[in-house]
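Asks: As input, take data31.tsv (TSV, C-alpha atoms and all ligand atoms):
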```tsv
chain	number	residue	atom	x	y	z
G	1	MET	CA	-258.76	-8.18	127.95
G	2	ARG	CA	-261.41	-5.62	126.98
G	3	ASP	CA	-264.59	-5.54	129.07
G	4	THR	CA	-267.07	-5.27	126.23
G	5	LEU	CA	-266.65	-7.94	123.59
G	6	THR	CA	-268.12	-7.90	120.09
G	7	VAL	CA	-267.78	-11.21	118.25
G	8	LEU	CA	-268.74	-12.40	114.78
G	9	GLY	CA	-269.95	-16.02	114.72
G	10	LEU	CA	-270.12	-18.37	111.73
G	11	GLU	CA	-272.17	-21.58	111.47
G	12	SER	CA	-272.14	-24.07	108.58
G	13	SER	CA	-272.15	-27.55	110.12
G	14	CYS	CA	-275.41	-28.81	108.62
G	15	ASP	CA	-277.92	-27.23	106.23
G	16	ASP	CA	-278.02	-23.64	107.51
G	17	THR	CA	-275.40	-21.05	106.57
G	18	ALA	CA	-275.37	-18.42	109.29
G	19	ALA	CA	-273.45	-15.37	110.51
G	20	ALA	CA	-274.19	-13.25	113.57
G	21	VAL	CA	-272.71	-10.47	115.66
G	22	VAL	CA	-273.15	-10.55	119.44
G	23	ARG	CA	-271.94	-7.92	121.92
G	24	HIS	CA	-271.58	-8.40	125.64
G	25	ALA	CA	-270.49	-6.19	128.50
G	26	PRO	CA	-270.07	-8.01	131.84
G	27	GLY	CA	-273.01	-7.46	134.15
G	28	THR	CA	-275.42	-6.68	131.31
G	29	ALA	CA	-277.57	-8.86	129.04
G	30	PRO	CA	-275.85	-9.87	125.79
G	31	GLU	CA	-277.08	-8.10	122.66
G	32	ILE	CA	-277.59	-9.85	119.33
G	33	LEU	CA	-276.68	-7.05	116.90
G	34	ALA	CA	-277.41	-9.19	113.83
G	35	SER	CA	-278.30	-12.82	113.12
G	36	VAL	CA	-278.51	-13.97	109.51
G	37	VAL	CA	-279.55	-17.53	108.59
G	38	ALA	CA	-279.66	-18.78	104.99
G	39	GLY	CA	-281.35	-22.19	104.96
G	40	GLN	CA	-280.88	-24.87	102.29
G	41	THR	CA	-284.26	-26.64	102.55
G	42	ALA	CA	-285.17	-26.05	98.90
G	43	LEU	CA	-281.73	-27.17	97.69
G	44	HIS	CA	-282.01	-30.60	99.35
G	45	ALA	CA	-285.78	-31.08	98.97
G	46	PRO	CA	-285.60	-33.20	95.76
G	47	TYR	CA	-283.31	-35.71	97.54
G	48	GLY	CA	-285.37	-36.22	100.71
G	49	GLY	CA	-282.38	-35.45	102.96
G	50	VAL	CA	-279.28	-33.28	103.24
G	51	VAL	CA	-276.72	-34.04	100.51
G	52	PRO	CA	-273.34	-33.27	102.14
G	53	GLU	CA	-271.50	-32.23	98.97
G	54	LEU	CA	-274.28	-29.87	97.88
G	55	ALA	CA	-274.43	-28.45	101.40
G	56	ALA	CA	-270.68	-27.77	101.49
G	57	ARG	CA	-270.73	-25.96	98.13
G	58	ALA	CA	-273.72	-23.85	99.14
G	59	HIS	CA	-272.00	-22.91	102.42
G	60	ALA	CA	-268.84	-21.88	100.56
G	61	GLU	CA	-270.93	-19.65	98.27
G	62	LYS	CA	-273.15	-18.15	100.97
G	63	LEU	CA	-270.80	-17.58	103.93
G	64	ASP	CA	-269.26	-14.34	102.61
G	65	LEU	CA	-272.71	-12.95	101.82
G	66	CYS	CA	-274.03	-13.83	105.27
G	67	VAL	CA	-270.99	-12.19	106.92
G	68	GLU	CA	-271.43	-9.04	104.83
G	69	GLU	CA	-275.11	-8.88	105.71
G	70	ALA	CA	-274.51	-9.46	109.43
G	71	LEU	CA	-271.87	-6.69	109.52
G	72	ALA	CA	-274.12	-4.32	107.55
G	73	LEU	CA	-277.10	-5.01	109.85
G	74	SER	CA	-275.00	-4.38	112.94
G	75	GLY	CA	-273.44	-1.24	111.41
G	76	LEU	CA	-269.94	-2.56	112.07
G	77	ARG	CA	-266.73	-3.22	110.15
G	78	LEU	CA	-264.37	-6.13	110.76
G	79	ALA	CA	-262.05	-3.68	112.56
G	80	ASP	CA	-264.78	-3.11	115.20
G	81	LEU	CA	-264.77	-6.77	116.24
G	82	ASP	CA	-262.79	-8.43	119.03
G	83	ALA	CA	-262.76	-11.98	117.63
G	84	ILE	CA	-264.13	-14.37	115.01
G	85	ALA	CA	-265.88	-17.49	116.32
G	86	VAL	CA	-266.69	-20.45	114.10
G	87	THR	CA	-268.28	-23.89	114.42
G	88	ALA	CA	-265.33	-26.29	114.14
G	89	GLY	CA	-267.49	-29.45	114.56
G	90	PRO	CA	-269.27	-31.78	114.96
G	91	GLY	CA	-271.17	-31.93	111.67
G	92	LEU	CA	-270.90	-32.61	107.97
G	93	ILE	CA	-267.19	-32.19	107.35
G	94	GLY	CA	-267.39	-30.25	104.06
G	95	GLY	CA	-269.64	-27.61	105.60
G	96	VAL	CA	-267.56	-27.35	108.78
G	97	LEU	CA	-264.42	-26.94	106.63
G	98	SER	CA	-266.05	-24.15	104.60
G	99	GLY	CA	-266.80	-22.25	107.81
G	100	VAL	CA	-263.39	-22.80	109.38
G	101	MET	CA	-261.57	-21.69	106.19
G	102	CYS	CA	-263.76	-18.59	105.90
G	103	ALA	CA	-263.18	-17.71	109.58
G	104	LYS	CA	-259.42	-18.20	109.24
G	105	GLY	CA	-259.35	-15.89	106.21
G	106	LEU	CA	-261.31	-13.20	108.06
G	107	ALA	CA	-259.22	-13.53	111.23
G	108	ALA	CA	-255.91	-13.44	109.35
G	109	GLY	CA	-257.02	-10.57	107.11
G	110	ALA	CA	-258.32	-8.42	109.96
G	111	GLY	CA	-255.69	-9.47	112.52
G	112	LEU	CA	-258.34	-10.82	114.89
G	113	PRO	CA	-258.24	-13.77	117.30
G	114	LEU	CA	-259.95	-16.98	116.14
G	115	VAL	CA	-262.17	-19.08	118.43
G	116	GLY	CA	-263.29	-22.57	117.40
G	117	VAL	CA	-266.66	-23.53	118.87
G	118	ASN	CA	-268.28	-26.93	119.36
G	119	HIS	CA	-271.71	-26.71	117.68
G	120	LEU	CA	-273.32	-28.65	120.54
G	121	ALA	CA	-271.77	-26.25	123.06
G	122	GLY	CA	-273.36	-23.45	121.03
G	123	HIS	CA	-276.80	-25.03	121.59
G	124	ALA	CA	-276.02	-25.93	125.20
G	125	LEU	CA	-274.86	-22.40	126.14
G	126	THR	CA	-277.84	-20.67	124.47
G	127	PRO	CA	-279.91	-20.44	127.72
G	128	ARG	CA	-277.11	-18.22	129.09
G	129	LEU	CA	-277.42	-15.93	126.06
G	130	THR	CA	-281.21	-15.71	126.19
G	131	ASP	CA	-282.03	-16.10	129.89
G	132	GLY	CA	-278.75	-15.45	131.68
G	133	LEU	CA	-278.93	-18.96	133.17
G	134	ALA	CA	-276.15	-19.64	135.68
G	135	PHE	CA	-274.28	-22.95	135.78
G	136	PRO	CA	-275.16	-25.69	136.53
G	137	TYR	CA	-278.29	-26.60	134.60
G	138	LEU	CA	-279.78	-29.58	132.78
G	139	MET	CA	-280.11	-29.33	129.02
G	140	LEU	CA	-282.09	-31.37	126.49
G	141	LEU	CA	-280.91	-30.90	122.90
G	142	VAL	CA	-283.62	-32.24	120.65
G	143	SER	CA	-283.45	-31.55	116.91
G	144	GLY	CA	-283.06	-33.19	113.52
G	145	GLY	CA	-279.43	-33.99	114.28
G	146	HIS	CA	-279.18	-34.12	118.06
G	147	CYS	CA	-280.86	-35.76	121.02
G	148	GLN	CA	-279.09	-35.77	124.34
G	149	PHE	CA	-279.37	-34.78	128.00
G	150	LEU	CA	-276.42	-32.78	129.30
G	151	ILE	CA	-275.52	-31.34	132.66
G	152	ALA	CA	-273.82	-28.03	131.89
G	153	ARG	CA	-271.43	-27.16	134.73
G	154	GLY	CA	-269.15	-24.75	132.86
G	155	ILE	CA	-268.37	-23.59	129.32
G	156	ASP	CA	-266.20	-26.63	128.80
G	157	ASP	CA	-267.67	-28.94	131.39
G	158	PHE	CA	-270.58	-31.10	130.24
G	159	THR	CA	-271.78	-34.46	131.49
G	160	ARG	CA	-273.91	-36.50	129.14
G	161	LEU	CA	-276.69	-38.36	130.96
G	162	GLY	CA	-278.03	-40.12	127.87
G	163	GLY	CA	-279.09	-39.69	124.28
G	164	THR	CA	-280.53	-41.40	121.25
G	165	ILE	CA	-278.93	-44.64	120.18
G	166	ASP	CA	-280.22	-44.27	116.61
G	167	ASP	CA	-282.33	-41.52	114.99
G	168	ALA	CA	-282.80	-38.06	116.45
G	169	PRO	CA	-286.51	-37.22	117.02
G	170	GLY	CA	-286.54	-34.55	114.30
G	171	GLU	CA	-285.18	-37.11	111.87
G	172	ALA	CA	-288.01	-39.47	112.90
G	173	PHE	CA	-290.57	-36.69	112.32
G	174	ASP	CA	-289.03	-36.03	108.89
G	175	LYS	CA	-289.12	-39.74	107.95
G	176	THR	CA	-292.70	-40.07	109.22
G	177	ALA	CA	-293.74	-37.15	107.03
G	178	LYS	CA	-292.05	-38.80	104.06
G	179	LEU	CA	-293.83	-42.12	104.73
G	180	LEU	CA	-297.18	-40.30	104.84
G	181	GLY	CA	-296.58	-38.04	101.83
G	182	LEU	CA	-296.36	-34.84	103.88
G	183	PRO	CA	-293.95	-31.98	103.04
G	184	GLN	CA	-290.51	-31.41	104.61
G	185	PRO	CA	-289.45	-30.40	107.18
G	186	GLY	CA	-291.61	-33.12	108.67
G	187	GLY	CA	-292.02	-31.79	112.22
G	188	PRO	CA	-294.40	-28.91	111.48
G	189	SER	CA	-296.40	-30.91	108.89
G	190	VAL	CA	-296.83	-33.93	111.19
G	191	GLU	CA	-297.82	-31.59	114.03
G	192	ALA	CA	-300.42	-29.86	111.83
G	193	GLU	CA	-301.95	-33.20	110.74
G	194	ALA	CA	-301.94	-34.49	114.32
G	195	MET	CA	-304.25	-31.61	115.34
G	196	ILE	CA	-307.26	-33.48	113.94
G	197	GLY	CA	-305.97	-36.96	114.77
G	198	ASP	CA	-306.78	-39.45	117.52
G	199	PRO	CA	-303.52	-40.31	119.33
G	200	ALA	CA	-305.08	-43.42	120.91
G	201	ARG	CA	-306.15	-45.20	117.70
G	202	PHE	CA	-302.78	-46.79	116.87
G	203	ALA	CA	-300.80	-48.44	119.66
G	204	LEU	CA	-297.31	-47.29	118.68
G	205	PRO	CA	-294.38	-48.41	120.87
G	206	ARG	CA	-292.55	-46.30	123.49
G	207	PRO	CA	-289.01	-47.56	122.74
G	208	LEU	CA	-286.54	-48.08	125.62
G	209	LEU	CA	-288.99	-47.00	128.33
G	210	ASP	CA	-288.63	-50.45	129.83
G	211	ARG	CA	-284.88	-49.92	130.22
G	212	PRO	CA	-283.45	-47.81	133.04
G	213	GLY	CA	-281.51	-44.65	132.26
G	214	CYS	CA	-281.86	-41.77	129.85
G	215	ASP	CA	-280.94	-43.34	126.51
G	216	MET	CA	-283.59	-43.15	123.79
G	217	SER	CA	-284.41	-44.80	120.47
G	218	PHE	CA	-286.71	-43.50	117.75
G	219	SER	CA	-286.05	-45.62	114.68
G	220	GLY	CA	-288.32	-48.51	115.80
G	221	LEU	CA	-291.18	-46.07	116.23
G	222	LYS	CA	-290.88	-45.02	112.62
G	223	THR	CA	-290.83	-48.69	111.54
G	224	ALA	CA	-293.97	-49.38	113.61
G	225	LEU	CA	-295.66	-46.48	111.86
G	226	LEU	CA	-294.64	-47.88	108.48
G	227	ARG	CA	-296.19	-51.25	109.42
G	228	ALA	CA	-299.42	-49.62	110.57
G	229	ARG	CA	-299.60	-47.64	107.32
G	230	ASP	CA	-298.96	-50.76	105.20
G	231	ALA	CA	-301.58	-52.75	107.14
G	232	LEU	CA	-304.14	-50.05	106.30
G	233	ILE	CA	-303.12	-50.05	102.64
G	234	ALA	CA	-303.38	-53.86	102.49
G	235	ALA	CA	-306.81	-53.84	104.18
G	236	GLN	CA	-308.47	-50.93	102.40
G	237	GLY	CA	-306.30	-50.11	99.37
G	238	GLY	CA	-304.97	-46.81	100.70
G	239	ILE	CA	-305.12	-44.43	103.64
G	240	THR	CA	-307.69	-41.74	104.27
G	241	ARG	CA	-306.97	-38.24	105.53
G	242	GLN	CA	-308.27	-39.33	108.96
G	243	ASP	CA	-305.98	-42.40	108.98
G	244	ARG	CA	-303.03	-40.13	108.26
G	245	ALA	CA	-304.01	-37.68	110.99
G	246	ASP	CA	-304.44	-40.54	113.49
G	247	LEU	CA	-301.01	-41.96	112.58
G	248	CYS	CA	-299.42	-38.50	113.01
G	249	ALA	CA	-301.15	-37.98	116.36
G	250	GLY	CA	-300.10	-41.45	117.58
G	251	PHE	CA	-296.50	-40.89	116.51
G	252	GLN	CA	-296.28	-37.43	118.09
G	253	GLN	CA	-297.81	-38.74	121.31
G	254	ALA	CA	-295.26	-41.58	121.45
G	255	VAL	CA	-292.30	-39.19	120.95
G	256	ALA	CA	-293.71	-36.83	123.59
G	257	ALA	CA	-294.20	-39.71	126.04
G	258	VAL	CA	-290.64	-40.99	125.56
G	259	LEU	CA	-289.08	-37.52	125.86
G	260	ALA	CA	-291.20	-36.74	128.93
G	261	GLU	CA	-290.34	-39.94	130.79
G	262	LYS	CA	-286.64	-39.69	129.93
G	263	SER	CA	-286.66	-36.02	130.99
G	264	ARG	CA	-288.23	-37.03	134.31
G	265	ARG	CA	-285.39	-39.50	134.84
G	266	ALA	CA	-282.73	-36.99	133.73
G	267	ILE	CA	-284.10	-34.38	136.17
G	268	ALA	CA	-284.05	-36.96	138.98
G	269	ALA	CA	-280.45	-37.95	138.09
G	270	TYR	CA	-279.47	-34.27	138.00
G	271	GLN	CA	-281.11	-33.55	141.35
G	272	ALA	CA	-279.34	-36.51	142.92
G	273	LEU	CA	-275.98	-35.10	141.79
G	274	LEU	CA	-276.40	-31.38	142.37
G	275	PRO	CA	-277.98	-29.57	145.30
G	276	GLN	CA	-278.24	-26.15	143.55
G	277	GLU	CA	-281.60	-24.77	142.49
G	278	PRO	CA	-282.31	-26.80	139.37
G	279	ALA	CA	-283.17	-25.52	135.90
G	280	PHE	CA	-284.15	-27.58	132.85
G	281	ALA	CA	-283.53	-26.00	129.44
G	282	VAL	CA	-284.44	-27.28	125.99
G	283	ALA	CA	-283.10	-26.37	122.55
G	284	GLY	CA	-283.54	-27.70	119.04
G	285	GLY	CA	-286.25	-27.60	116.40
G	286	VAL	CA	-288.33	-30.39	117.99
G	287	ALA	CA	-288.82	-28.23	121.10
G	288	ALA	CA	-291.10	-26.11	118.88
G	289	ASN	CA	-293.69	-28.89	118.93
G	290	ARG	CA	-296.53	-27.78	121.22
G	291	THR	CA	-297.44	-31.26	122.45
G	292	ILE	CA	-293.80	-32.07	123.24
G	293	ARG	CA	-293.10	-28.69	124.80
G	294	ALA	CA	-296.19	-28.96	127.00
G	295	ALA	CA	-295.15	-32.47	128.09
G	296	LEU	CA	-291.65	-31.25	129.02
G	297	GLU	CA	-292.99	-28.20	130.82
G	298	ASP	CA	-295.32	-30.45	132.79
G	299	VAL	CA	-292.46	-32.75	133.82
G	300	ALA	CA	-290.40	-29.74	134.98
G	301	ALA	CA	-293.35	-28.29	136.91
G	302	ARG	CA	-294.02	-31.60	138.68
G	303	ALA	CA	-290.36	-31.83	139.69
G	304	GLY	CA	-290.36	-28.20	140.90
G	305	VAL	CA	-287.70	-27.26	138.36
G	306	ARG	CA	-287.48	-23.99	136.38
G	307	PHE	CA	-288.18	-24.59	132.66
G	308	VAL	CA	-286.27	-22.52	130.08
G	309	ALA	CA	-287.02	-22.66	126.36
G	310	PRO	CA	-285.18	-20.05	124.29
G	311	PRO	CA	-287.09	-18.49	121.37
G	312	LEU	CA	-287.27	-20.83	118.42
G	313	ARG	CA	-284.96	-18.84	116.12
G	314	LEU	CA	-282.23	-19.37	118.75
G	315	CYS	CA	-283.18	-23.02	119.40
G	316	THR	CA	-282.68	-24.06	115.78
G	317	ASP	CA	-279.29	-23.77	114.07
G	318	ASN	CA	-278.03	-20.16	114.07
G	319	ALA	CA	-274.77	-18.24	114.42
G	320	ALA	CA	-275.72	-16.07	117.41
G	321	MET	CA	-275.20	-19.13	119.62
G	322	ILE	CA	-271.75	-19.60	118.05
G	323	ALA	CA	-270.81	-15.93	118.56
G	324	TRP	CA	-272.02	-16.21	122.18
G	325	ALA	CA	-270.08	-19.44	122.84
G	326	GLY	CA	-267.11	-17.62	121.24
G	327	ILE	CA	-267.51	-14.77	123.74
G	328	GLU	CA	-267.63	-17.24	126.62
G	329	ARG	CA	-264.50	-19.03	125.39
G	330	PHE	CA	-262.66	-15.78	124.63
G	331	ARG	CA	-263.32	-14.48	128.15
G	332	ALA	CA	-261.93	-17.73	129.52
G	333	GLY	CA	-258.77	-17.25	127.42
G	334	GLN	CA	-259.61	-20.23	125.20
G	335	MET	CA	-258.47	-18.97	121.80
G	336	ASP	CA	-257.35	-20.97	118.79
G	337	ASP	CA	-254.81	-20.26	116.08
G	338	MET	CA	-254.41	-21.05	112.38
G	339	SER	CA	-253.96	-24.73	113.21
G	340	LEU	CA	-257.70	-24.96	114.10
G	341	GLY	CA	-259.10	-28.06	112.40
G	342	ALA	CA	-262.59	-29.18	111.35
G	343	ARG	CA	-263.91	-32.14	113.36
G	344	PRO	CA	-266.74	-34.38	112.09
G	345	ARG	CA	-267.11	-35.84	115.60
G	346	TRP	CA	-266.60	-33.86	118.76
G	347	PRO	CA	-268.44	-35.15	121.84
G	348	LEU	CA	-269.10	-32.51	124.47
G	349	ASP	CA	-268.61	-35.00	127.25
G	350	ARG	CA	-265.20	-36.53	126.63
G	351	THR	CA	-265.74	-39.20	129.28
G	352	SER	CA	-268.88	-40.69	127.65
G	353	PRO	CA	-268.52	-43.53	125.17
G	354	ALA	CA	-269.13	-42.45	121.56
G	355	MET	CA	-272.66	-43.00	120.26
G	356	LEU	CA	-273.13	-45.38	117.40
G	357	GLY	CA	-273.63	-44.26	113.84
G	358	SER	CA	-274.27	-40.98	112.22
G	359	GLY	CA	-277.56	-39.39	111.19
G	360	LYS	CA	-278.50	-37.88	107.87
G	361	LYS	CA	-277.31	-34.57	109.25
G	362	GLY	CA	-273.88	-35.86	110.30
G	363	ALA	CA	-272.34	-37.31	113.43
G	364	LYS	CA	-274.63	-37.40	116.46
G	365	ALA	CA	-272.05	-36.51	119.11
G	401	LIG	O1	-282.62	-27.56	115.34
G	401	LIG	P1	-282.99	-27.75	113.91
G	401	LIG	O2	-283.40	-26.56	113.11
G	401	LIG	O3	-281.80	-28.34	113.08
G	401	LIG	C1	-281.08	-29.46	113.36
G	401	LIG	O4	-281.58	-30.54	113.05
G	401	LIG	O5	-279.95	-29.30	113.90
G	401	LIG	O6	-284.15	-28.85	113.91
G	401	LIG	C2	-284.79	-29.23	112.73
G	401	LIG	C3	-285.63	-30.43	113.05
G	401	LIG	C4	-286.28	-31.05	111.82
G	401	LIG	O7	-286.07	-32.43	111.85
G	401	LIG	C5	-287.75	-30.68	111.98
G	401	LIG	O8	-288.64	-31.62	111.41
G	401	LIG	C6	-287.89	-30.61	113.49
G	401	LIG	O9	-286.69	-30.07	113.95
G	401	LIG	N1	-289.03	-29.77	113.85
G	401	LIG	C7	-290.11	-30.22	114.52
G	401	LIG	C8	-291.01	-29.13	114.58
G	401	LIG	N2	-290.43	-28.05	113.97
G	401	LIG	C9	-289.21	-28.46	113.53
G	401	LIG	N3	-290.39	-31.42	115.02
G	401	LIG	C10	-291.59	-31.56	115.62
G	401	LIG	N4	-292.52	-30.58	115.71
G	401	LIG	C11	-292.28	-29.35	115.21
G	401	LIG	N5	-293.20	-28.39	115.28
G	402	ZN	ZN	-277.78	-27.99	115.73
```
Show the structure stored in the file as structure tokens.

Replies:
Amino acid sequence: MRDTLTVLGLESSCDDTAAAVVRHAPGTAPEILASVVAGQTALHAPYGGVVPELAARAHAEKLDLCVEEALALSGLRLADLDAIAVTAGPGLIGGVLSGVMCAKGLAAGAGLPLVGVNHLAGHALTPRLTDGLAFPYLMLLVSGGHCQFLIARGIDDFTRLGGTIDDAPGEAFDKTAKLLGLPQPGGPSVEAEAMIGDPARFALPRPLLDRPGCDMSFSGLKTALLRARDALIAAQGGITRQDRADLCAGFQQAVAAVLAEKSRRAIAAYQALLPQEPAFAVAGGVAANRTIRAALEDVAARAGVRFVAPPLRLCTDNAAMIAWAGIERFRAGQMDDMSLGARPRWPLDRTSPAMLGSGKKGAKA
């Protein structure tokens, strides 16, 4: 096996079409030679959520272009690569299929090995790409589609400590924005409104805090917000800008409080299991929220644990994380062949029971 590996990664499991080239020589920091992400926000905006069929068609149209652009930006040809890595699940099946078919075509055409990557492993291995984090570490994936605590012990060795039993927090932010007439994606618009809001005015619930363990729930919070909004409308005929800001601030505070308390428990559970110097890493779009990030950083500091938050462009869906996970798998001899399938569900921790339901962005685990 060659020492230096250069891998093209493809990602199309949700509403971002992405291609990236990552190069790594053992003993050095990995280099992202190119990372192209074509989002579909405008395409789905009229529907208030991701429409799987539209997403799949857009991926099929955009993948080739993203690959061409990533190769051009890195100054490479297919022949310069060592492997093609692709998200093979979990996610919206049409999009995953588009990516897998594209990767198979490229691999067969160029005579390159094919590596199927679990999208969640891509997120979970990102702190190794960005910060060279050694195993083991604790990971919180918190986005529009994911919410789970994982102990990462190896590239294929994850233990799930808990996760959402209904909505992912990003999904709850997006629904909250919709309920309050704010633009999508909801996270940044709710955060901006919350800046001038009073988080203490509305007593919104902190779901599942009364239950032990690291599982979370966010759908009741959104319902409580809807009730508070409707009570205001009934009492005064509408909501003022200040009402909206106070609702946003209360909601954001509740999500931050739940994530912080569950992170505290996850860190304690991790420390009870593993004696090594602990590290707590976060990934996902919701980790961009300043109130939430500060709350998580505070929890880590109090527990004496190193806090790692990769840059946002590598926390949200991208293909550099898939190329990197592909490099890790390739080095471990974990290659696939033309029988690689697309999997709508693919839990990282095979010993955990499957989570219920599926979010607007596809299966949760
Ligand atoms: O990781 P991501 O790009 O995609 C997946 O969902 O996989 O995360 C997007 C989610 C959206 O739901 C968005 O509203 C949320 O992350 N988000 C935020 C913020 N920025 C993005 N949520 C709260 N505060 C933010 N500043
Ligand atoms: Zn993701």

Asks: Wanna dump the chain G-ligand ZN 402 (chain G) contacts at 7 Å for me, each residue with its shortest atom pair and the distance in Å to one decimal, counting all atoms listed in the file, ordered by chain and number, as a Markdown table?

Replies:
```
| residue | atom | partner | partner_atom | distance |
| --- | --- | --- | --- | --- |
| G:His119 | CA | G:ZN402 | ZN | 6.5 |
| G:Leu120 | CA | G:ZN402 | ZN | 6.6 |
| G:His123 | CA | G:ZN402 | ZN | 6.6 |
| G:Ser143 | CA | G:ZN402 | ZN | 6.8 |
| G:Gly145 | CA | G:ZN402 | ZN | 6.4 |
| G:His146 | CA | G:ZN402 | ZN | 6.7 |
| G:Gly284 | CA | G:ZN402 | ZN | 6.6 |
| G:Thr316 | CA | G:ZN402 | ZN | 6.3 |
| G:Asp317 | CA | G:ZN402 | ZN | 4.8 |
```

Asks: Quick one: residues within 9 Å of ligand LIG 401 (chain G), with all atoms listed in the file, as a count of residues only?

Replies: 48

Asks: Distance atom CA of G:Thr159-atom CA of G:Leu140, one decimal place?

Replies: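 About the pair atom CA of G:Thr159 and atom CA of G:Leu140: they are 11.9 Å apart.
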
Asks: Rounded to one decimal place, report the atom CA of G:Thr223-atom CA of G:Thr164 distance in Å.

Replies: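 We find that atom CA of G:Thr223 and atom CA of G:Thr164 lie 15.9 Å from each other.
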
Asks: Considering only C-alpha atoms, state which residue in the set G:Gly49, G:Ile84, G:Leu138, G:Ala121 is at the smallest distance from G:Asp156.

Replies: G:Ala121

Asks: With all atoms listed in the file as the basis for distance, which of G:Ala60, G:Leu274, G:Leu76, G:Val117 is at the shortest distance from G:Gly99?

Replies: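 Of all the options, G:Ala60 lies closest to G:Gly99.
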
Asks: Could you work out how far atom CA of G:Leu259 lies from atom CA of G:Val305, giving the answer in Å with one decimal?

Replies: 16.2 Å

Asks: Within 6 Å of G:Ala70, counting only C-alpha atoms, which residues qualify if same-chain residues fewer than 3 places away don't, as a CSV table (one decimal) with C-alpha atoms, in the coordinates of the input?

Replies:
```csv
chain,number,residue,atom,x,y,z
G,20,ALA,CA,-274.2,-13.2,113.6
G,34,ALA,CA,-277.4,-9.2,113.8
G,67,VAL,CA,-271.0,-12.2,106.9
G,73,LEU,CA,-277.1,-5.0,109.8
```

Asks: Neighbourhood query: residues within 12 Å of (-272.7, -21.7, 116.8), file coordinates, counting only C-alpha atoms; return as a ChimeraX atom specification.

Replies: /G:7-14,16-22,35,37,84-91,96,99-100,115-126,129,314-328

Asks: Do you know which residues are at most 7 Å from G:Ala194 counting only C-alpha atoms, after dropping those on the same chain fewer than 3 positions away, and could you put them as a list in words?

Replies: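 So the residues in contact are Val190, Glu191, Gly197, Ala245, Asp246, Cys248 and Ala249 of chain G.
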
Asks: Pick the closest to G:Ser339 from G:Ile239, G:Leu221, G:Ala228, G:Met101: which is it, counting all atoms listed in the file?

Replies: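 Under the stated criterion, the closest residue is G:Met101.
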
Asks: Using all atoms listed in the file, can you tell me which of G:Met335, G:Gly163, G:Phe251, G:Arg265 comes closest to G:Leu204?

Replies: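 Distance minimum relative to G:Leu204 lands on G:Phe251.
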
Asks: Looking at G:Val50, G:Leu273, G:Val299, G:Met338, which one is nearest to G:Ala107, with distances taken over all atoms listed in the file?

Replies: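 Answer, going by the shortest atom-to-atom distance: G:Met338.
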
Asks: Of the candidates G:Gly75, G:Gly237, G:Gly333, G:Gly250, which shows the shortest atom-to-atom distance to G:Ala203, using all atoms listed in the file?

Replies: G:Gly250
